[in-house]
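*Asks:* JSON, C-alpha atoms and all ligand atoms, file coords22.json:
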```json
[["chain", "number", "residue", "atom", "x", "y", "z"],
["A", 1, "MET", "CA", 1.40, 9.51, 20.80],
["A", 2, "PRO", "CA", 2.27, 11.54, 17.68],
["A", 3, "GLY", "CA", 0.28, 10.93, 14.47],
["A", 4, "PHE", "CA", 1.66, 9.45, 11.27],
["A", 5, "ILE", "CA", 3.00, 12.70, 9.83],
["A", 6, "ASP", "CA", 4.86, 13.66, 13.05],
["A", 7, "GLN", "CA", 6.26, 10.21, 13.47],
["A", 8, "CYS", "CA", 7.23, 10.01, 9.82],
["A", 9, "ALA", "CA", 9.18, 13.22, 10.23],
["A", 10, "ALA", "CA", 10.94, 11.77, 13.26],
["A", 11, "ASN", "CA", 11.93, 8.50, 11.63],
["A", 12, "VAL", "CA", 11.98, 8.09, 7.90],
["A", 13, "SER", "CA", 14.15, 9.36, 5.06],
["A", 14, "LYS", "CA", 13.25, 12.86, 3.91],
["A", 15, "GLN", "CA", 15.23, 12.60, 0.69],
["A", 16, "PRO", "CA", 13.23, 14.21, -2.14],
["A", 17, "ASP", "CA", 12.17, 12.07, -5.11],
["A", 18, "ARG", "CA", 14.14, 13.24, -8.17],
["A", 19, "LEU", "CA", 14.38, 9.77, -9.74],
["A", 20, "PHE", "CA", 12.77, 10.79, -13.04],
["A", 21, "ALA", "CA", 13.94, 14.43, -13.13],
["A", 22, "GLN", "CA", 16.62, 13.95, -15.82],
["A", 23, "PRO", "CA", 15.78, 12.79, -19.35],
["A", 24, "LEU", "CA", 16.41, 9.04, -19.71],
["A", 25, "ALA", "CA", 17.33, 7.58, -23.12],
["A", 26, "GLN", "CA", 15.13, 4.63, -22.26],
["A", 27, "VAL", "CA", 12.87, 4.52, -19.22],
["A", 28, "PRO", "CA", 13.33, 1.16, -17.45],
["A", 29, "ASP", "CA", 10.38, -0.65, -15.85],
["A", 30, "PHE", "CA", 9.75, 0.50, -12.28],
["A", 31, "VAL", "CA", 11.28, -1.70, -9.55],
["A", 32, "PHE", "CA", 11.30, -1.30, -5.78],
["A", 33, "ASN", "CA", 15.11, -1.12, -5.53],
["A", 34, "GLU", "CA", 17.53, 0.79, -3.28],
["A", 35, "ASP", "CA", 17.11, 4.03, -5.29],
["A", 36, "VAL", "CA", 13.35, 3.92, -4.81],
["A", 37, "VAL", "CA", 13.69, 2.99, -1.13],
["A", 38, "ARG", "CA", 15.78, 6.13, -0.47],
["A", 39, "VAL", "CA", 13.04, 8.46, -1.74],
["A", 40, "PHE", "CA", 9.94, 6.31, -1.16],
["A", 41, "PRO", "CA", 8.28, 8.29, 1.70],
["A", 42, "ASP", "CA", 8.47, 11.47, -0.41],
["A", 43, "MET", "CA", 7.50, 9.68, -3.64],
["A", 44, "ILE", "CA", 4.37, 7.99, -2.32],
["A", 45, "LYS", "CA", 3.11, 11.08, -0.46],
["A", 46, "ARG", "CA", 3.54, 13.28, -3.56],
["A", 47, "SER", "CA", 2.10, 10.63, -5.94],
["A", 48, "VAL", "CA", -0.88, 9.10, -4.13],
["A", 49, "PRO", "CA", -3.66, 11.55, -3.24],
["A", 50, "GLY", "CA", -4.86, 10.86, 0.30],
["A", 51, "TYR", "CA", -2.00, 8.51, 1.20],
["A", 52, "PRO", "CA", -1.34, 9.84, 4.77],
["A", 53, "THR", "CA", -5.09, 9.79, 5.52],
["A", 54, "ILE", "CA", -5.45, 6.23, 4.22],
["A", 55, "VAL", "CA", -2.46, 4.93, 6.17],
["A", 56, "GLU", "CA", -3.46, 6.52, 9.49],
["A", 57, "ASN", "CA", -7.08, 5.38, 9.13],
["A", 58, "ILE", "CA", -6.08, 1.80, 8.33],
["A", 59, "GLY", "CA", -4.79, 1.85, 11.91],
["A", 60, "VAL", "CA", -8.11, 3.24, 13.15],
["A", 61, "LEU", "CA", -10.18, 0.71, 11.14],
["A", 62, "ALA", "CA", -7.91, -2.13, 12.26],
["A", 63, "GLY", "CA", -8.72, -1.23, 15.86],
["A", 64, "GLN", "CA", -12.34, -2.21, 15.10],
["A", 65, "PHE", "CA", -11.53, -5.58, 13.50],
["A", 66, "ALA", "CA", -8.42, -6.85, 15.27],
["A", 67, "GLN", "CA", -9.02, -9.76, 17.63],
["A", 68, "PRO", "CA", -6.99, -11.23, 20.49],
["A", 69, "HIS", "CA", -4.66, -14.13, 19.67],
["A", 70, "SER", "CA", -4.57, -13.35, 15.94],
["A", 71, "VAL", "CA", -2.16, -12.07, 13.32],
["A", 72, "LEU", "CA", -2.49, -8.73, 11.48],
["A", 73, "TYR", "CA", -0.91, -8.80, 8.01],
["A", 74, "ASP", "CA", 0.64, -5.86, 6.13],
["A", 75, "LEU", "CA", 1.16, -7.31, 2.63],
["A", 76, "GLY", "CA", 3.55, -5.38, 0.39],
["A", 77, "SER", "CA", 4.63, -3.44, 3.45],
["A", 78, "SER", "CA", 7.39, -1.35, 1.79],
["A", 79, "LEU", "CA", 8.84, 0.75, 4.62],
["A", 80, "GLY", "CA", 6.17, -0.33, 7.10],
["A", 81, "ALA", "CA", 3.98, 2.80, 7.17],
["A", 82, "VAL", "CA", 0.84, 0.65, 7.61],
["A", 83, "THR", "CA", 2.55, -1.58, 10.17],
["A", 84, "GLN", "CA", 3.51, 1.52, 12.18],
["A", 85, "ALA", "CA", -0.11, 2.76, 12.03],
["A", 86, "LEU", "CA", -1.39, -0.67, 13.17],
["A", 87, "ARG", "CA", 1.00, -0.54, 16.11],
["A", 88, "ARG", "CA", -0.13, 3.01, 17.02],
["A", 89, "HIS", "CA", -3.82, 2.13, 17.02],
["A", 90, "VAL", "CA", -4.23, -1.52, 17.99],
["A", 91, "GLN", "CA", -3.75, -2.43, 21.62],
["A", 92, "ILE", "CA", -5.14, -5.93, 21.87],
["A", 93, "ALA", "CA", -3.81, -8.83, 23.88],
["A", 94, "ASP", "CA", -1.67, -11.34, 22.09],
["A", 95, "CYS", "CA", -1.96, -9.76, 18.65],
["A", 96, "ARG", "CA", 1.08, -9.52, 16.40],
["A", 97, "VAL", "CA", 1.85, -7.97, 13.05],
["A", 98, "ILE", "CA", 3.46, -9.78, 10.12],
["A", 99, "ALA", "CA", 4.76, -7.38, 7.44],
["A", 100, "VAL", "CA", 5.73, -8.97, 4.13],
["A", 101, "ASP", "CA", 7.57, -7.59, 1.12],
["A", 102, "ASN", "CA", 9.64, -9.24, -1.61],
["A", 103, "SER", "CA", 12.02, -6.29, -2.08],
["A", 104, "SER", "CA", 15.12, -6.90, 0.03],
["A", 105, "ALA", "CA", 15.95, -3.16, -0.03],
["A", 106, "MET", "CA", 12.48, -2.33, 1.36],
["A", 107, "VAL", "CA", 12.64, -5.07, 4.00],
["A", 108, "GLU", "CA", 16.04, -3.99, 5.28],
["A", 109, "ARG", "CA", 15.00, -0.35, 5.72],
["A", 110, "CYS", "CA", 11.57, -1.34, 7.09],
["A", 111, "ARG", "CA", 13.25, -3.32, 9.88],
["A", 112, "GLU", "CA", 15.36, -0.26, 10.78],
["A", 113, "TYR", "CA", 12.32, 2.02, 10.95],
["A", 114, "LEU", "CA", 10.36, -0.45, 13.07],
["A", 115, "HIS", "CA", 13.32, -0.78, 15.39],
["A", 116, "ALA", "CA", 13.29, 3.02, 15.75],
["A", 117, "GLN", "CA", 9.56, 2.89, 16.53],
["A", 118, "ASP", "CA", 10.28, 0.21, 19.18],
["A", 119, "SER", "CA", 12.78, 2.47, 20.87],
["A", 120, "MET", "CA", 10.38, 5.46, 20.89],
["A", 121, "PHE", "CA", 7.28, 3.76, 22.29],
["A", 122, "GLN", "CA", 6.46, 1.08, 24.83],
["A", 123, "GLU", "CA", 3.90, -1.71, 24.59],
["A", 124, "LEU", "CA", 3.73, -1.84, 20.81],
["A", 125, "LEU", "CA", 2.45, -5.00, 19.15],
["A", 126, "PRO", "CA", 5.30, -7.37, 18.28],
["A", 127, "VAL", "CA", 6.17, -7.36, 14.60],
["A", 128, "GLU", "CA", 7.97, -9.71, 12.24],
["A", 129, "VAL", "CA", 9.14, -8.50, 8.81],
["A", 130, "LEU", "CA", 9.38, -11.27, 6.21],
["A", 131, "GLU", "CA", 11.18, -10.98, 2.91],
["A", 132, "ALA", "CA", 8.82, -13.17, 0.90],
["A", 133, "ASP", "CA", 6.47, -13.33, -2.05],
["A", 134, "ILE", "CA", 2.90, -12.82, -0.79],
["A", 135, "LEU", "CA", 1.78, -15.27, -3.50],
["A", 136, "SER", "CA", 3.51, -18.15, -1.75],
["A", 137, "LEU", "CA", 2.74, -17.23, 1.85],
["A", 138, "ASP", "CA", 1.15, -19.71, 4.25],
["A", 139, "PHE", "CA", -1.41, -17.50, 5.95],
["A", 140, "GLN", "CA", -2.08, -17.96, 9.66],
["A", 141, "PRO", "CA", -5.53, -17.24, 11.13],
["A", 142, "THR", "CA", -5.86, -13.46, 10.79],
["A", 143, "SER", "CA", -8.32, -10.77, 11.84],
["A", 144, "LEU", "CA", -6.94, -8.00, 9.64],
["A", 145, "VAL", "CA", -5.15, -7.97, 6.30],
["A", 146, "ALA", "CA", -3.96, -4.74, 4.66],
["A", 147, "LEU", "CA", -3.09, -4.66, 0.95],
["A", 148, "ASN", "CA", -2.20, -0.98, 0.64],
["A", 149, "PHE", "CA", -1.39, -0.28, -3.04],
["A", 150, "THR", "CA", 0.11, -3.76, -3.49],
["A", 151, "LEU", "CA", -2.47, -5.80, -5.46],
["A", 152, "GLN", "CA", -2.00, -3.52, -8.50],
["A", 153, "PHE", "CA", 1.58, -4.86, -8.79],
["A", 154, "ILE", "CA", 0.45, -8.53, -8.81],
["A", 155, "GLN", "CA", -0.16, -10.13, -12.23],
["A", 156, "PRO", "CA", -3.91, -9.83, -12.94],
["A", 157, "GLU", "CA", -4.35, -13.60, -13.42],
["A", 158, "GLN", "CA", -2.89, -14.22, -9.93],
["A", 159, "ARG", "CA", -5.08, -11.73, -8.04],
["A", 160, "LEU", "CA", -8.18, -13.91, -7.51],
["A", 161, "GLU", "CA", -6.24, -16.82, -6.03],
["A", 162, "LEU", "CA", -4.36, -14.52, -3.63],
["A", 163, "LEU", "CA", -7.62, -12.92, -2.44],
["A", 164, "ALA", "CA", -9.26, -16.34, -2.04],
["A", 165, "ARG", "CA", -6.35, -17.50, 0.14],
["A", 166, "ILE", "CA", -6.62, -14.33, 2.26],
["A", 167, "ARG", "CA", -10.38, -14.89, 2.58],
["A", 168, "GLN", "CA", -9.80, -18.46, 3.79],
["A", 169, "ALA", "CA", -7.40, -17.26, 6.48],
["A", 170, "LEU", "CA", -9.69, -14.47, 7.74],
["A", 171, "LEU", "CA", -11.46, -15.09, 11.04],
["A", 172, "PRO", "CA", -15.18, -14.29, 11.35],
["A", 173, "GLY", "CA", -15.45, -10.60, 12.26],
["A", 174, "GLY", "CA", -12.15, -9.78, 10.56],
["A", 175, "ALA", "CA", -11.54, -7.67, 7.44],
["A", 176, "LEU", "CA", -9.36, -7.08, 4.41],
["A", 177, "ILE", "CA", -8.50, -3.45, 3.68],
["A", 178, "LEU", "CA", -7.62, -3.02, 0.01],
["A", 179, "SER", "CA", -6.30, 0.28, -1.38],
["A", 180, "GLU", "CA", -5.64, 0.72, -5.09],
["A", 181, "LYS", "CA", -5.25, 3.17, -7.93],
["A", 182, "LEU", "CA", -8.46, 2.91, -9.98],
["A", 183, "HIS", "CA", -9.21, 2.46, -13.64],
["A", 184, "PHE", "CA", -12.63, 3.82, -14.74],
["A", 185, "GLU", "CA", -14.80, 2.04, -17.27],
["A", 186, "ASP", "CA", -16.28, 5.33, -18.48],
["A", 187, "ALA", "CA", -13.58, 6.81, -20.76],
["A", 188, "GLU", "CA", -14.45, 10.41, -19.93],
["A", 189, "GLN", "CA", -14.38, 9.81, -16.18],
["A", 190, "HIS", "CA", -11.08, 7.94, -16.60],
["A", 191, "ARG", "CA", -9.54, 10.86, -18.48],
["A", 192, "LEU", "CA", -10.86, 13.49, -16.06],
["A", 193, "LEU", "CA", -9.59, 11.78, -12.92],
["A", 194, "GLY", "CA", -6.29, 10.93, -14.66],
["A", 195, "ASP", "CA", -5.83, 14.60, -15.58],
["A", 196, "LEU", "CA", -6.69, 15.67, -12.03],
["A", 197, "HIS", "CA", -4.13, 13.18, -10.70],
["A", 198, "ILE", "CA", -1.51, 14.78, -12.97],
["A", 199, "ALA", "CA", -2.55, 18.19, -11.60],
["A", 200, "PHE", "CA", -2.04, 16.76, -8.08],
["A", 201, "LYS", "CA", 1.49, 15.63, -9.01],
["A", 202, "ARG", "CA", 2.27, 19.01, -10.59],
["A", 203, "ALA", "CA", 1.02, 20.80, -7.48],
["A", 204, "ASN", "CA", 3.41, 18.59, -5.48],
["A", 205, "GLY", "CA", 6.39, 19.84, -7.50],
["A", 206, "TYR", "CA", 6.78, 17.14, -10.17],
["A", 207, "SER", "CA", 7.73, 18.43, -13.64],
["A", 208, "GLU", "CA", 6.05, 17.31, -16.88],
["A", 209, "LEU", "CA", 9.16, 15.22, -17.62],
["A", 210, "GLU", "CA", 9.06, 13.50, -14.22],
["A", 211, "ILE", "CA", 5.35, 12.77, -14.63],
["A", 212, "ALA", "CA", 5.79, 11.39, -18.18],
["A", 213, "GLN", "CA", 8.84, 9.22, -17.36],
["A", 214, "LYS", "CA", 7.23, 7.83, -14.17],
["A", 215, "ARG", "CA", 4.14, 6.99, -16.20],
["A", 216, "SER", "CA", 6.13, 4.94, -18.73],
["A", 217, "ALA", "CA", 8.11, 3.28, -15.92],
["A", 218, "ILE", "CA", 4.95, 1.98, -14.22],
["A", 219, "GLU", "CA", 2.67, 1.32, -17.20],
["A", 220, "LYS", "CA", 3.72, -2.31, -17.66],
["A", 221, "VAL", "CA", 4.22, -3.22, -14.00],
["A", 222, "MET", "CA", 1.26, -1.51, -12.31],
["A", 223, "LEU", "CA", -2.12, -2.54, -13.73],
["A", 224, "PRO", "CA", -5.11, -0.92, -11.98],
["A", 225, "ASP", "CA", -8.62, -2.39, -12.03],
["A", 226, "SER", "CA", -11.96, -0.61, -11.76],
["A", 227, "LEU", "CA", -13.97, -0.53, -8.54],
["A", 228, "GLU", "CA", -16.47, -2.89, -10.22],
["A", 229, "GLN", "CA", -13.70, -5.39, -11.08],
["A", 230, "HIS", "CA", -12.47, -5.26, -7.49],
["A", 231, "ARG", "CA", -15.96, -5.81, -6.11],
["A", 232, "GLU", "CA", -16.66, -8.75, -8.44],
["A", 233, "ARG", "CA", -13.29, -10.39, -7.77],
["A", 234, "LEU", "CA", -13.62, -9.98, -4.00],
["A", 235, "LEU", "CA", -17.10, -11.55, -4.09],
["A", 236, "ALA", "CA", -15.73, -14.38, -6.29],
["A", 237, "ALA", "CA", -12.96, -14.89, -3.72],
["A", 238, "GLY", "CA", -15.63, -15.53, -1.07],
["A", 239, "PHE", "CA", -15.99, -12.13, 0.59],
["A", 240, "SER", "CA", -19.60, -11.27, 1.46],
["A", 241, "GLN", "CA", -19.46, -7.48, 1.32],
["A", 242, "VAL", "CA", -17.27, -4.77, -0.20],
["A", 243, "VAL", "CA", -17.50, -1.29, 1.30],
["A", 244, "PRO", "CA", -15.50, 1.58, -0.20],
["A", 245, "TRP", "CA", -14.51, 3.89, 2.68],
["A", 246, "PHE", "CA", -12.19, 6.40, 0.97],
["A", 247, "GLN", "CA", -11.60, 7.88, -2.45],
["A", 248, "CYS", "CA", -9.46, 10.82, -3.53],
["A", 249, "LEU", "CA", -9.34, 11.29, -7.31],
["A", 250, "ASN", "CA", -8.36, 7.93, -8.86],
["A", 251, "PHE", "CA", -7.15, 6.31, -5.63],
["A", 252, "ALA", "CA", -9.49, 4.42, -3.33],
["A", 253, "SER", "CA", -9.62, 2.09, -0.38],
["A", 254, "MET", "CA", -12.25, -0.52, 0.45],
["A", 255, "ILE", "CA", -13.12, -2.85, 3.29],
["A", 256, "ALA", "CA", -13.94, -6.44, 2.32],
["A", 257, "LEU", "CA", -15.78, -8.51, 4.91],
["A", 258, "PRO", "CA", -15.65, -12.33, 5.11],
["A", 301, "LIG", "C1", 3.24, 0.74, -3.60],
["A", 301, "LIG", "S1", 4.17, -0.25, -2.58],
["A", 301, "LIG", "C2", 3.14, -0.47, -1.11],
["A", 301, "LIG", "C3", 3.11, 0.72, -0.19],
["A", 301, "LIG", "C4", 2.95, 0.35, 1.27],
["A", 301, "LIG", "N1", 1.94, -0.67, 1.47],
["A", 301, "LIG", "C5", 2.62, 1.60, 2.06],
["A", 301, "LIG", "O1", 1.46, 1.73, 2.48],
["A", 301, "LIG", "O2", 3.51, 2.45, 2.24],
["A", 301, "LIG", "C6", 4.07, -1.89, -3.21],
["A", 301, "LIG", "C7", 4.95, -2.86, -2.45],
["A", 301, "LIG", "O3", 4.56, -4.18, -2.76],
["A", 301, "LIG", "C8", 5.71, -4.98, -2.84],
["A", 301, "LIG", "N2", 5.36, -6.17, -3.64],
["A", 301, "LIG", "C9", 5.00, -6.23, -4.95],
["A", 301, "LIG", "N3", 4.75, -7.51, -5.31],
["A", 301, "LIG", "C10", 4.96, -8.28, -4.21],
["A", 301, "LIG", "C11", 4.88, -9.68, -3.95],
["A", 301, "LIG", "N4", 4.53, -10.55, -4.91],
["A", 301, "LIG", "N5", 5.18, -10.12, -2.70],
["A", 301, "LIG", "C12", 5.56, -9.26, -1.73],
["A", 301, "LIG", "N6", 5.64, -7.92, -1.92],
["A", 301, "LIG", "C13", 5.35, -7.43, -3.14],
["A", 301, "LIG", "C14", 6.75, -4.08, -3.47],
["A", 301, "LIG", "O4", 8.07, -4.55, -3.22],
["A", 301, "LIG", "C15", 6.43, -2.75, -2.80],
["A", 301, "LIG", "O5", 7.22, -2.53, -1.66],
["A", 302, "LIG", "O1", 0.11, 6.30, -10.37],
["A", 302, "LIG", "C1", 1.16, 6.87, -10.21],
["A", 302, "LIG", "O2", 1.56, 7.75, -10.96],
["A", 302, "LIG", "C2", 1.97, 6.50, -9.06],
["A", 302, "LIG", "O3", 3.05, 7.02, -8.91],
["A", 302, "LIG", "C3", 1.40, 5.52, -8.13],
["A", 302, "LIG", "C4", 2.32, 4.72, -7.27],
["A", 302, "LIG", "C5", 1.46, 3.70, -6.48],
["A", 302, "LIG", "O4", 0.24, 3.82, -6.45],
["A", 302, "LIG", "O5", 2.07, 2.82, -5.89],
["A", 302, "LIG", "C6", 3.30, 4.00, -8.06],
["A", 302, "LIG", "C7", 4.54, 3.72, -7.62],
["A", 302, "LIG", "C8", 5.06, 4.27, -6.36],
["A", 302, "LIG", "O6", 5.06, 3.23, -5.44],
["A", 302, "LIG", "C9", 4.22, 5.33, -5.79],
["A", 302, "LIG", "C10", 2.98, 5.59, -6.27]]
```
So that I can check it, write out the structure of this file as structure tokens.
Ligand SMILES: C[S@@+](CC[C@H](N)C(=O)[O-])C[C@H]1O[C@@H](n2cnc3c(N)ncnc32)[C@H](O)[C@@H]1O
Ligand SMILES: O=C(O)C(=O)C[C@]1(C(=O)O)C=C[C@@H](O)C=C1

*Replies:*
Amino acid sequence: MPGFIDQCAANVSKQPDRLFAQPLAQVPDFVFNEDVVRVFPDMIKRSVPGYPTIVENIGVLAGQFAQPHSVLYDLGSSLGAVTQALRRHVQIADCRVIAVDNSSAMVERCREYLHAQDSMFQELLPVEVLEADILSLDFQPTSLVALNFTLQFIQPEQRLELLARIRQALLPGGALILSEKLHFEDAEQHRLLGDLHIAFKRANGYSELEIAQKRSAIEKVMLPDSLEQHRERLLAAGFSQVVPWFQCLNFASMIALP
């Protein structure tokens, strides 16, 4: 079975992200609308250091936690990259994936891509894509929850309650995989890794204007926490252990165990 990159090339839009290339009189707040959907695979790969590695390995990690007769959740699924990885790596009886996103443009395209995956491979886990707010979801008993760069878009005061509800739905032996952009409490470390992230974007072909306009578009809607804040909040939500398993510059992913 081809890996994520190969399969991505076979299925998803290859339209380059030029959304912030022209000067805008006023930069609107970032929203996951149809314009973003069209360029999203290119945007996220060129903006998030380590993204393809994280996505593929969420599938690998899920293979270790997924249990028969349970649900696997992909929360804030966008175009379903994580869902596709789960379906490539998890072959367990009577498991199914529920992918959830509140952007109708994302959900519509996600369903198309998953349909394409269905027609390319046999014996994939069944999947349901819900257009819904993850804050008002009734969680079913689950062995694996992925929040891949989604929590940072939830209002800070709503994050603890969401994590507590996920914790309550997790079966013993299951896991939450949480990936986020990081804030650093040490100002110098924060500046260094922020500058290196800008260098990463530049190396991926983004201009200074694109970098600056994207930054003002996301600054009010995407609010990163530090690794320490994540750890404390996850423990407060009832998780027993938090294990970071990946970091590239200011982007990281952690496993939280019930
Ligand atoms: C950065 S993207 C996630 C990327 C995706 N998980 C991946 O790995 O490709 C964040 C997604 O979260 C979704 N989102 C934000 N807030 C949400 C909410 N309250 N309920 C459901 N989805 C939400 C957005 O619509 C967007 O598609
Ligand atoms: O931090 C940035 O500059 C980003 O572009 C990050 C980020 C993210 O982490 O979700 C923001 C919005 C897009 O979804 C893609 C990437």

*Asks:* Around ligand LIG 301 (chain A), at most 6 Å away and counting only C-alpha atoms and all ligand atoms, which residues are there? Put them as a PyMOL selection string, please.

*Replies:* chain A and resi 32+76-78+81-82+100-103+132-135+148-150+153-154

*Asks:* 6 Å from ligand LIG 302 (chain A) is the threshold here; counting all atoms listed in the file, which polymer residues fall inside it? Answer as a VMD selection string.

*Replies:* chain A and resid 43 to 44 47 to 48 149 181 215

*Asks:* Which one is closest to Leu171 (chain A): A:Val127, A:Val60, A:Ala66, A:Ala217? Count all atoms listed in the file.

*Replies:*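 Among the listed residues, A:Ala66 lies closest to Leu171 (chain A).
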
*Asks:* Residues at most 12 Å from Glu161 (chain A), counting all atoms listed in the file, excluding those fewer than 6 positions away in the same chain, as a PyMOL selection string?

*Replies:* chain A and resi 134-137+151+154-155+167-168+233-234+236-238

*Asks:* Between CA of Arg38 (chain A) and CA of Ser13 (chain A), what distance in Å does the model show, to one decimal?

*Replies:*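 Distance between the two atoms: 6.6 Å.
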
*Asks:* May I ask you to restore all heavy atoms in region 142-149 of chain A and write the result as a short mmCIF file (atom, residue, chain, number, x, y, z; two decimals), keeping the file's coordinate frame?

*Replies:*
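That gives us rebuild.cif:
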```cif
data_model
loop_
_atom_site.label_atom_id
_atom_site.label_comp_id
_atom_site.auth_asym_id
_atom_site.auth_seq_id
_atom_site.Cartn_x
_atom_site.Cartn_y
_atom_site.Cartn_z
N THR A 142 -6.09 -14.90 10.71
CA THR A 142 -5.86 -13.46 10.79
C THR A 142 -7.17 -12.71 10.96
O THR A 142 -8.21 -13.11 10.42
CB THR A 142 -5.11 -12.99 9.51
OG1 THR A 142 -5.06 -11.56 9.52
CG2 THR A 142 -5.79 -13.44 8.22
N SER A 143 -7.11 -11.59 11.70
CA SER A 143 -8.32 -10.77 11.84
C SER A 143 -8.25 -9.53 10.97
O SER A 143 -9.25 -8.85 10.77
CB SER A 143 -8.53 -10.38 13.32
OG SER A 143 -7.38 -9.79 13.86
N LEU A 144 -7.05 -9.21 10.45
CA LEU A 144 -6.94 -8.00 9.64
C LEU A 144 -5.82 -8.17 8.62
O LEU A 144 -4.68 -8.50 8.98
CB LEU A 144 -6.64 -6.80 10.56
CG LEU A 144 -6.76 -5.35 10.04
CD1 LEU A 144 -5.57 -4.91 9.21
CD2 LEU A 144 -8.07 -5.09 9.29
N VAL A 145 -6.16 -7.95 7.36
CA VAL A 145 -5.15 -7.97 6.30
C VAL A 145 -5.20 -6.63 5.59
O VAL A 145 -6.26 -6.16 5.18
CB VAL A 145 -5.43 -9.10 5.29
CG1 VAL A 145 -4.40 -9.08 4.16
CG2 VAL A 145 -5.41 -10.46 5.98
N ALA A 146 -4.04 -5.98 5.43
CA ALA A 146 -3.96 -4.74 4.66
C ALA A 146 -3.17 -5.00 3.38
O ALA A 146 -2.06 -5.57 3.43
CB ALA A 146 -3.28 -3.64 5.48
N LEU A 147 -3.78 -4.65 2.26
CA LEU A 147 -3.09 -4.66 0.95
C LEU A 147 -3.14 -3.21 0.49
O LEU A 147 -4.11 -2.78 -0.16
CB LEU A 147 -3.86 -5.53 -0.03
CG LEU A 147 -3.56 -7.03 -0.13
CD1 LEU A 147 -4.61 -7.71 -1.00
CD2 LEU A 147 -2.17 -7.33 -0.68
N ASN A 148 -2.16 -2.42 0.91
CA ASN A 148 -2.20 -0.98 0.64
C ASN A 148 -1.36 -0.66 -0.60
O ASN A 148 -0.15 -0.51 -0.52
CB ASN A 148 -1.68 -0.21 1.87
CG ASN A 148 -2.20 1.21 1.93
OD1 ASN A 148 -3.38 1.46 1.61
ND2 ASN A 148 -1.36 2.16 2.32
N PHE A 149 -2.04 -0.57 -1.75
CA PHE A 149 -1.39 -0.28 -3.04
C PHE A 149 -0.39 -1.37 -3.44
O PHE A 149 0.66 -1.07 -4.00
CB PHE A 149 -0.74 1.11 -3.00
CG PHE A 149 -1.74 2.19 -2.65
CD1 PHE A 149 -1.69 2.84 -1.43
CD2 PHE A 149 -2.77 2.50 -3.53
CE1 PHE A 149 -2.65 3.79 -1.09
CE2 PHE A 149 -3.73 3.44 -3.21
CZ PHE A 149 -3.66 4.10 -1.99
#
```
